Amino acid sequence: MADKRDYYEVLGISKGASEDEIKKAFRQVAKKYHPDMHPGDTECEEKFKEAQEAYAVLSDPEKRRQYDQFGHAAFDQAGGGGFDFSGMDMSDIFGDLFGSFFGGGGRSNNGPQAGANVRVGLRISFEEAVFGCEKEIEFTYKEDCPTCHTTGAKPGTSPETCTKCGGKGKVVYSTQSLFGMMQNVQTCPECQGTGKVVREKCPECHGLGYNVKKIKKTVEIPAGIDNGQRVRIRGFGEPGKNGGPRGDVLVEVVVMRNPAFERQDMDIYSKASISFPIAALGGDIRVKTVDGEIIYTVAPGTQTGTRIRLKGKGVPSVRNKAMRGDHYVTLIVSTPTNLSKEAKDLLRKFDEASGNSLKQEGGAATTGKKKGFMDKIKETIDDVKP
């Protein structure tokens, strides 16, 4: 059997730790390694068991005195040693941490509880995400029953205290575990945690307390919203329990792709083709943006792959409409194809006049110069000769 770790080390405390410090340290370790928080993790289970053993000794003044004097030997008995946890009251330790696992200290769940949120998906276009829009959505809404006023009880009657849980909304079951006799706390199956049961149900809502119907709401989608983000409509979710507030409707936005644009945060990226003469000589081109086409002047000698920046043509900020990203355009020089003989001759003359022509002798180049952009253009033209 492996040597046991020092109990003070297990809980991360000093030997002079007070009772409150021991309890606080154990709570932290238990919360970190509790098996129900790490199902199937044997290492966490062992660490939790080790911490519980340490707490069983150090929280008991007499056992702690024996341990401080004799160490682990004080409890190593012929019968295998170990500890009996069945007499330990863990309710004050686990009550507010693991109320669903242990009984005694957890807060009652029959108090006011907020209703659950309702999620609705909404598809919008790329442009609608950039500039914002208004959309109508439809969802299921649970309207308060006007007959019973959400009690679920027949008029003239009222809900009664649940006899199974005594109005607490939870029931406690004792089970045997490797740590001894433990208590499990579960939501009462009779009253579903409300602490109340309806004996005579409302004829209109059949005891539910609400009527289900489809409703439509107009939702404002803010400019700059991105794929996966949500818009909240407050107070139209599931009804709360025991007087708790309603949940909300969460509209989850799905932004459709645009073949011309890509988005990264607040910036937009795209590509634009330019002709070889424009790339060489410079000139105006039309560039497509989310605001429409604009005229951009290309500098002479522009190379393919050059990226230009259109400031303020990107996506607005959701939080600050005055802020807007940029649009980056990658220029791609378009190589001409299917040229006429006259066009080919002109290009060859241009190539020679530019000093880029390679003189061929015996099929091999004699200049020794590295092929430039014009050389590659010439090769492409030769390849498409009729």
# chains A, B, ... in the order shown; residues from 1 in each chain; ligands from 1
>>> closest_atom_pairs(of="stretch 253-328 of chain A", to="stretch 200-221 of chain A", cutoff="12 Å", atoms="only C-alpha atoms", output="Markdown table")
| residue | atom | partner | partner_atom | distance |
| --- | --- | --- | --- | --- |
| A:Val253 | CA | A:Ile221 | CA | 8.8 |
| A:Val254 | CA | A:Ile221 | CA | 11.6 |
| A:Val255 | CA | A:Ile221 | CA | 11.5 |
| A:Val318 | CA | A:Ile221 | CA | 9.8 |
>>> residues_around(residues="stretch 298-303 of chain A", least_positions_apart="5", cutoff="12 Å", atoms="only C-alpha atoms", output="PDB file with N, CA, C and O atoms, in the first residue's frame")
ATOM      1  N   ALA A 272     -10.242  41.627 -56.523  1.00  0.00           N
ATOM      2  CA  ALA A 272     -10.676  42.356 -57.730  1.00  0.00           C
ATOM      3  C   ALA A 272      -9.663  42.105 -58.841  1.00  0.00           C
ATOM      4  O   ALA A 272      -8.448  42.170 -58.613  1.00  0.00           O
ATOM      5  N   SER A 273     -10.164  41.799 -60.035  1.00  0.00           N
ATOM      6  CA  SER A 273      -9.292  41.578 -61.197  1.00  0.00           C
ATOM      7  C   SER A 273      -9.045  42.900 -61.911  1.00  0.00           C
ATOM      8  O   SER A 273      -9.961  43.723 -62.069  1.00  0.00           O
ATOM      9  N   ILE A 274      -7.788  43.101 -62.323  1.00  0.00           N
ATOM     10  CA  ILE A 274      -7.454  44.278 -63.124  1.00  0.00           C
ATOM     11  C   ILE A 274      -6.705  43.821 -64.366  1.00  0.00           C
ATOM     12  O   ILE A 274      -6.023  42.786 -64.357  1.00  0.00           O
ATOM     13  N   SER A 275      -6.837  44.578 -65.431  1.00  0.00           N
ATOM     14  CA  SER A 275      -6.184  44.205 -66.689  1.00  0.00           C
ATOM     15  C   SER A 275      -4.683  44.483 -66.611  1.00  0.00           C
ATOM     16  O   SER A 275      -4.213  45.260 -65.774  1.00  0.00           O
ATOM     17  N   PHE A 276      -3.945  43.827 -67.515  1.00  0.00           N
ATOM     18  CA  PHE A 276      -2.506  44.036 -67.534  1.00  0.00           C
ATOM     19  C   PHE A 276      -2.143  45.496 -67.852  1.00  0.00           C
ATOM     20  O   PHE A 276      -1.272  46.073 -67.190  1.00  0.00           O
ATOM     21  N   PRO A 277      -2.782  46.142 -68.830  1.00  0.00           N
ATOM     22  CA  PRO A 277      -2.441  47.547 -69.102  1.00  0.00           C
ATOM     23  C   PRO A 277      -2.676  48.457 -67.895  1.00  0.00           C
ATOM     24  O   PRO A 277      -1.867  49.340 -67.607  1.00  0.00           O
ATOM     25  N   ILE A 278      -3.792  48.236 -67.162  1.00  0.00           N
ATOM     26  CA  ILE A 278      -4.058  49.057 -65.985  1.00  0.00           C
ATOM     27  C   ILE A 278      -2.985  48.815 -64.923  1.00  0.00           C
ATOM     28  O   ILE A 278      -2.505  49.747 -64.262  1.00  0.00           O
ATOM     29  N   ALA A 279      -2.599  47.524 -64.752  1.00  0.00           N
ATOM     30  CA  ALA A 279      -1.564  47.203 -63.767  1.00  0.00           C
ATOM     31  C   ALA A 279      -0.244  47.867 -64.133  1.00  0.00           C
ATOM     32  O   ALA A 279       0.479  48.359 -63.269  1.00  0.00           O
ATOM     33  N   ALA A 280       0.068  47.892 -65.420  1.00  0.00           N
ATOM     34  CA  ALA A 280       1.350  48.452 -65.854  1.00  0.00           C
ATOM     35  C   ALA A 280       1.339  49.977 -65.887  1.00  0.00           C
ATOM     36  O   ALA A 280       2.280  50.626 -65.435  1.00  0.00           O
ATOM     37  N   LEU A 281       0.258  50.543 -66.397  1.00  0.00           N
ATOM     38  CA  LEU A 281       0.211  51.980 -66.619  1.00  0.00           C
ATOM     39  C   LEU A 281      -0.531  52.747 -65.517  1.00  0.00           C
ATOM     40  O   LEU A 281      -0.395  53.971 -65.407  1.00  0.00           O
ATOM     41  N   GLY A 282      -1.312  52.010 -64.715  1.00  0.00           N
ATOM     42  CA  GLY A 282      -2.141  52.685 -63.721  1.00  0.00           C
ATOM     43  C   GLY A 282      -3.452  53.128 -64.338  1.00  0.00           C
ATOM     44  O   GLY A 282      -3.599  53.185 -65.557  1.00  0.00           O
ATOM     45  N   GLY A 283      -4.421  53.419 -63.499  1.00  0.00           N
ATOM     46  CA  GLY A 283      -5.710  53.869 -64.008  1.00  0.00           C
ATOM     47  C   GLY A 283      -6.823  53.562 -63.021  1.00  0.00           C
ATOM     48  O   GLY A 283      -6.599  53.023 -61.933  1.00  0.00           O
ATOM     49  N   ASP A 284      -8.027  53.939 -63.411  1.00  0.00           N
ATOM     50  CA  ASP A 284      -9.192  53.763 -62.537  1.00  0.00           C
ATOM     51  C   ASP A 284      -9.855  52.411 -62.763  1.00  0.00           C
ATOM     52  O   ASP A 284      -9.972  51.940 -63.902  1.00  0.00           O
ATOM     53  N   ILE A 285     -10.284  51.800 -61.655  1.00  0.00           N
ATOM     54  CA  ILE A 285     -11.034  50.546 -61.733  1.00  0.00           C
ATOM     55  C   ILE A 285     -12.272  50.664 -60.842  1.00  0.00           C
ATOM     56  O   ILE A 285     -12.348  51.527 -59.958  1.00  0.00           O
ATOM     57  N   ARG A 286     -13.223  49.793 -61.072  1.00  0.00           N
ATOM     58  CA  ARG A 286     -14.421  49.744 -60.229  1.00  0.00           C
ATOM     59  C   ARG A 286     -14.246  48.622 -59.201  1.00  0.00           C
ATOM     60  O   ARG A 286     -13.912  47.493 -59.560  1.00  0.00           O
ATOM     61  N   VAL A 287     -14.459  48.949 -57.947  1.00  0.00           N
ATOM     62  CA  VAL A 287     -14.329  47.968 -56.862  1.00  0.00           C
ATOM     63  C   VAL A 287     -15.677  47.831 -56.165  1.00  0.00           C
ATOM     64  O   VAL A 287     -16.290  48.829 -55.762  1.00  0.00           O
ATOM     65  N   ILE A 308      -4.990  46.525 -51.265  1.00  0.00           N
ATOM     66  CA  ILE A 308      -5.307  47.923 -51.021  1.00  0.00           C
ATOM     67  C   ILE A 308      -6.308  48.018 -49.871  1.00  0.00           C
ATOM     68  O   ILE A 308      -7.045  47.072 -49.586  1.00  0.00           O
ATOM     69  N   ARG A 309      -6.328  49.159 -49.205  1.00  0.00           N
ATOM     70  CA  ARG A 309      -7.205  49.364 -48.063  1.00  0.00           C
ATOM     71  C   ARG A 309      -8.211  50.470 -48.353  1.00  0.00           C
ATOM     72  O   ARG A 309      -7.838  51.574 -48.723  1.00  0.00           O
ATOM     73  N   VAL A 329      -8.840  44.894 -50.286  1.00  0.00           N
ATOM     74  CA  VAL A 329      -9.046  44.299 -51.609  1.00  0.00           C
ATOM     75  C   VAL A 329      -7.708  43.818 -52.148  1.00  0.00           C
ATOM     76  O   VAL A 329      -6.742  44.587 -52.238  1.00  0.00           O
ATOM     77  N   THR A 330      -7.651  42.546 -52.523  1.00  0.00           N
ATOM     78  CA  THR A 330      -6.459  41.984 -53.145  1.00  0.00           C
ATOM     79  C   THR A 330      -6.612  42.077 -54.661  1.00  0.00           C
ATOM     80  O   THR A 330      -7.584  41.551 -55.231  1.00  0.00           O
ATOM     81  N   LEU A 331      -5.663  42.766 -55.315  1.00  0.00           N
ATOM     82  CA  LEU A 331      -5.732  42.968 -56.767  1.00  0.00           C
ATOM     83  C   LEU A 331      -5.060  41.798 -57.485  1.00  0.00           C
ATOM     84  O   LEU A 331      -3.929  41.424 -57.164  1.00  0.00           O
ATOM     85  N   ILE A 332      -5.761  41.238 -58.429  1.00  0.00           N
ATOM     86  CA  ILE A 332      -5.258  40.112 -59.216  1.00  0.00           C
ATOM     87  C   ILE A 332      -5.137  40.569 -60.672  1.00  0.00           C
ATOM     88  O   ILE A 332      -6.146  40.948 -61.293  1.00  0.00           O
ATOM     89  N   VAL A 333      -3.904  40.562 -61.192  1.00  0.00           N
ATOM     90  CA  VAL A 333      -3.695  40.970 -62.584  1.00  0.00           C
ATOM     91  C   VAL A 333      -4.190  39.862 -63.495  1.00  0.00           C
ATOM     92  O   VAL A 333      -3.759  38.711 -63.400  1.00  0.00           O
ATOM     93  N   SER A 334      -5.090  40.216 -64.377  1.00  0.00           N
ATOM     94  CA  SER A 334      -5.696  39.246 -65.281  1.00  0.00           C
ATOM     95  C   SER A 334      -4.829  39.077 -66.531  1.00  0.00           C
ATOM     96  O   SER A 334      -4.514  40.047 -67.222  1.00  0.00           O
ATOM     97  N   GLY A 372      11.187  37.773 -65.630  1.00  0.00           N
ATOM     98  CA  GLY A 372      10.370  38.762 -64.952  1.00  0.00           C
ATOM     99  C   GLY A 372       8.919  38.586 -65.293  1.00  0.00           C
ATOM    100  O   GLY A 372       8.496  37.613 -65.933  1.00  0.00           O
ATOM    101  N   PHE A 373       8.122  39.547 -64.837  1.00  0.00           N
ATOM    102  CA  PHE A 373       6.683  39.478 -65.051  1.00  0.00           C
ATOM    103  C   PHE A 373       6.342  39.439 -66.540  1.00  0.00           C
ATOM    104  O   PHE A 373       5.504  38.661 -66.984  1.00  0.00           O
ATOM    105  N   MET A 374       7.027  40.260 -67.351  1.00  0.00           N
ATOM    106  CA  MET A 374       6.732  40.314 -68.787  1.00  0.00           C
ATOM    107  C   MET A 374       7.117  39.009 -69.467  1.00  0.00           C
ATOM    108  O   MET A 374       6.466  38.579 -70.426  1.00  0.00           O
TER     109      MET A 374
END
>>> select_by_dssp(residues="stretch 160-353 of chain A", states="alpha helix (DSSP H)", output="PyMOL selection string")
chain A and resi 276-281+341-353
>>> closest_residue(among="A:Ser59, A:Gln192, A:Ser270, A:Thr187", to="A:Val171", atoms="only C-alpha atoms")
A:Thr187
>>> closest_residue(among="A:Ala260, A:Leu250, A:Ile295, A:Ala74", to="A:Gly228", atoms="only C-alpha atoms")
A:Leu250
>>> atom_distance(atom1="atom CA of A:Phe131", atom2="atom CA of A:Gly224")
6.4 Å
>>> closest_residue(among="A:Leu58, A:Pro155, A:Gly167, A:Pro222", to="A:Glu134", atoms="only C-alpha atoms")
A:Pro222
>>> atom_distance(atom1="atom CA of A:Cys133", atom2="atom CA of A:Pro316")
13.3 Å
>>> residues_around(residues="A:Asp226", least_positions_apart="5", cutoff="12 Å", atoms="only C-alpha atoms", output="number ranges by chain")
A: 123-132, 221, 231, 252-257, 262-267, 315-318
>>> decode(residues="stretch 315-339 of chain A", atoms="N, CA, C and O atoms", output="short mmCIF file (atom, residue, chain, number, x, y, z; two decimals), in the first residue's frame")
data_model
loop_
_atom_site.label_atom_id
_atom_site.label_comp_id
_atom_site.auth_asym_id
_atom_site.auth_seq_id
_atom_site.Cartn_x
_atom_site.Cartn_y
_atom_site.Cartn_z
N VAL A 315 -17.27 46.77 -41.56
CA VAL A 315 -18.47 46.52 -40.77
C VAL A 315 -18.54 47.47 -39.58
O VAL A 315 -17.53 47.70 -38.92
N PRO A 316 -19.72 48.04 -39.31
CA PRO A 316 -19.85 48.92 -38.15
C PRO A 316 -19.72 48.14 -36.84
O PRO A 316 -19.96 46.94 -36.79
N SER A 317 -19.35 48.84 -35.78
CA SER A 317 -19.29 48.24 -34.46
C SER A 317 -20.69 48.14 -33.88
O SER A 317 -21.48 49.08 -33.99
N VAL A 318 -21.01 47.00 -33.28
CA VAL A 318 -22.33 46.83 -32.67
C VAL A 318 -22.51 47.81 -31.52
O VAL A 318 -23.61 48.33 -31.31
N ARG A 319 -21.43 48.08 -30.79
CA ARG A 319 -21.53 48.93 -29.60
C ARG A 319 -21.38 50.41 -29.91
O ARG A 319 -21.83 51.25 -29.16
N ASN A 320 -20.70 50.73 -31.00
CA ASN A 320 -20.47 52.13 -31.34
C ASN A 320 -20.65 52.31 -32.84
O ASN A 320 -19.77 51.99 -33.63
N LYS A 321 -21.80 52.83 -33.23
CA LYS A 321 -22.12 52.95 -34.65
C LYS A 321 -21.18 53.90 -35.39
O LYS A 321 -21.07 53.85 -36.62
N ALA A 322 -20.50 54.77 -34.64
CA ALA A 322 -19.58 55.71 -35.28
C ALA A 322 -18.30 55.01 -35.73
O ALA A 322 -17.57 55.54 -36.58
N MET A 323 -18.03 53.85 -35.18
CA MET A 323 -16.83 53.10 -35.56
C MET A 323 -17.15 52.11 -36.66
O MET A 323 -18.21 51.48 -36.66
N ARG A 324 -16.23 51.98 -37.60
CA ARG A 324 -16.44 51.06 -38.70
C ARG A 324 -15.10 50.50 -39.15
O ARG A 324 -14.09 51.21 -39.17
N GLY A 325 -15.08 49.23 -39.50
CA GLY A 325 -13.85 48.60 -39.96
C GLY A 325 -13.48 49.01 -41.38
O GLY A 325 -14.09 49.92 -41.96
N ASP A 326 -12.48 48.35 -41.93
CA ASP A 326 -11.99 48.67 -43.27
C ASP A 326 -12.27 47.52 -44.24
O ASP A 326 -12.60 46.41 -43.84
N HIS A 327 -12.12 47.83 -45.51
CA HIS A 327 -12.29 46.83 -46.57
C HIS A 327 -10.94 46.66 -47.27
O HIS A 327 -10.39 47.64 -47.80
N TYR A 328 -10.42 45.44 -47.26
CA TYR A 328 -9.14 45.14 -47.90
C TYR A 328 -9.40 44.37 -49.18
O TYR A 328 -10.07 43.33 -49.18
N VAL A 329 -8.84 44.89 -50.29
CA VAL A 329 -9.05 44.30 -51.61
C VAL A 329 -7.71 43.82 -52.15
O VAL A 329 -6.74 44.59 -52.24
N THR A 330 -7.65 42.55 -52.52
CA THR A 330 -6.46 41.98 -53.14
C THR A 330 -6.61 42.08 -54.66
O THR A 330 -7.58 41.55 -55.23
N LEU A 331 -5.66 42.77 -55.31
CA LEU A 331 -5.73 42.97 -56.77
C LEU A 331 -5.06 41.80 -57.48
O LEU A 331 -3.93 41.42 -57.16
N ILE A 332 -5.76 41.24 -58.43
CA ILE A 332 -5.26 40.11 -59.22
C ILE A 332 -5.14 40.57 -60.67
O ILE A 332 -6.15 40.95 -61.29
N VAL A 333 -3.90 40.56 -61.19
CA VAL A 333 -3.70 40.97 -62.58
C VAL A 333 -4.19 39.86 -63.49
O VAL A 333 -3.76 38.71 -63.40
N SER A 334 -5.09 40.22 -64.38
CA SER A 334 -5.70 39.25 -65.28
C SER A 334 -4.83 39.08 -66.53
O SER A 334 -4.51 40.05 -67.22
N THR A 335 -4.40 37.85 -66.80
CA THR A 335 -3.60 37.56 -67.99
C THR A 335 -4.52 37.41 -69.19
O THR A 335 -5.46 36.62 -69.17
N PRO A 336 -4.25 38.16 -70.28
CA PRO A 336 -5.13 38.09 -71.46
C PRO A 336 -5.01 36.74 -72.16
O PRO A 336 -3.95 36.13 -72.22
N THR A 337 -6.11 36.27 -72.69
CA THR A 337 -6.16 35.03 -73.48
C THR A 337 -6.91 35.30 -74.78
O THR A 337 -7.59 36.32 -74.93
N ASN A 338 -6.76 34.34 -75.73
CA ASN A 338 -7.46 34.44 -77.03
C ASN A 338 -7.18 35.78 -77.72
O ASN A 338 -8.09 36.46 -78.22
N LEU A 339 -5.90 36.16 -77.70
CA LEU A 339 -5.53 37.42 -78.33
C LEU A 339 -5.48 37.29 -79.85
O LEU A 339 -5.13 36.24 -80.39
#
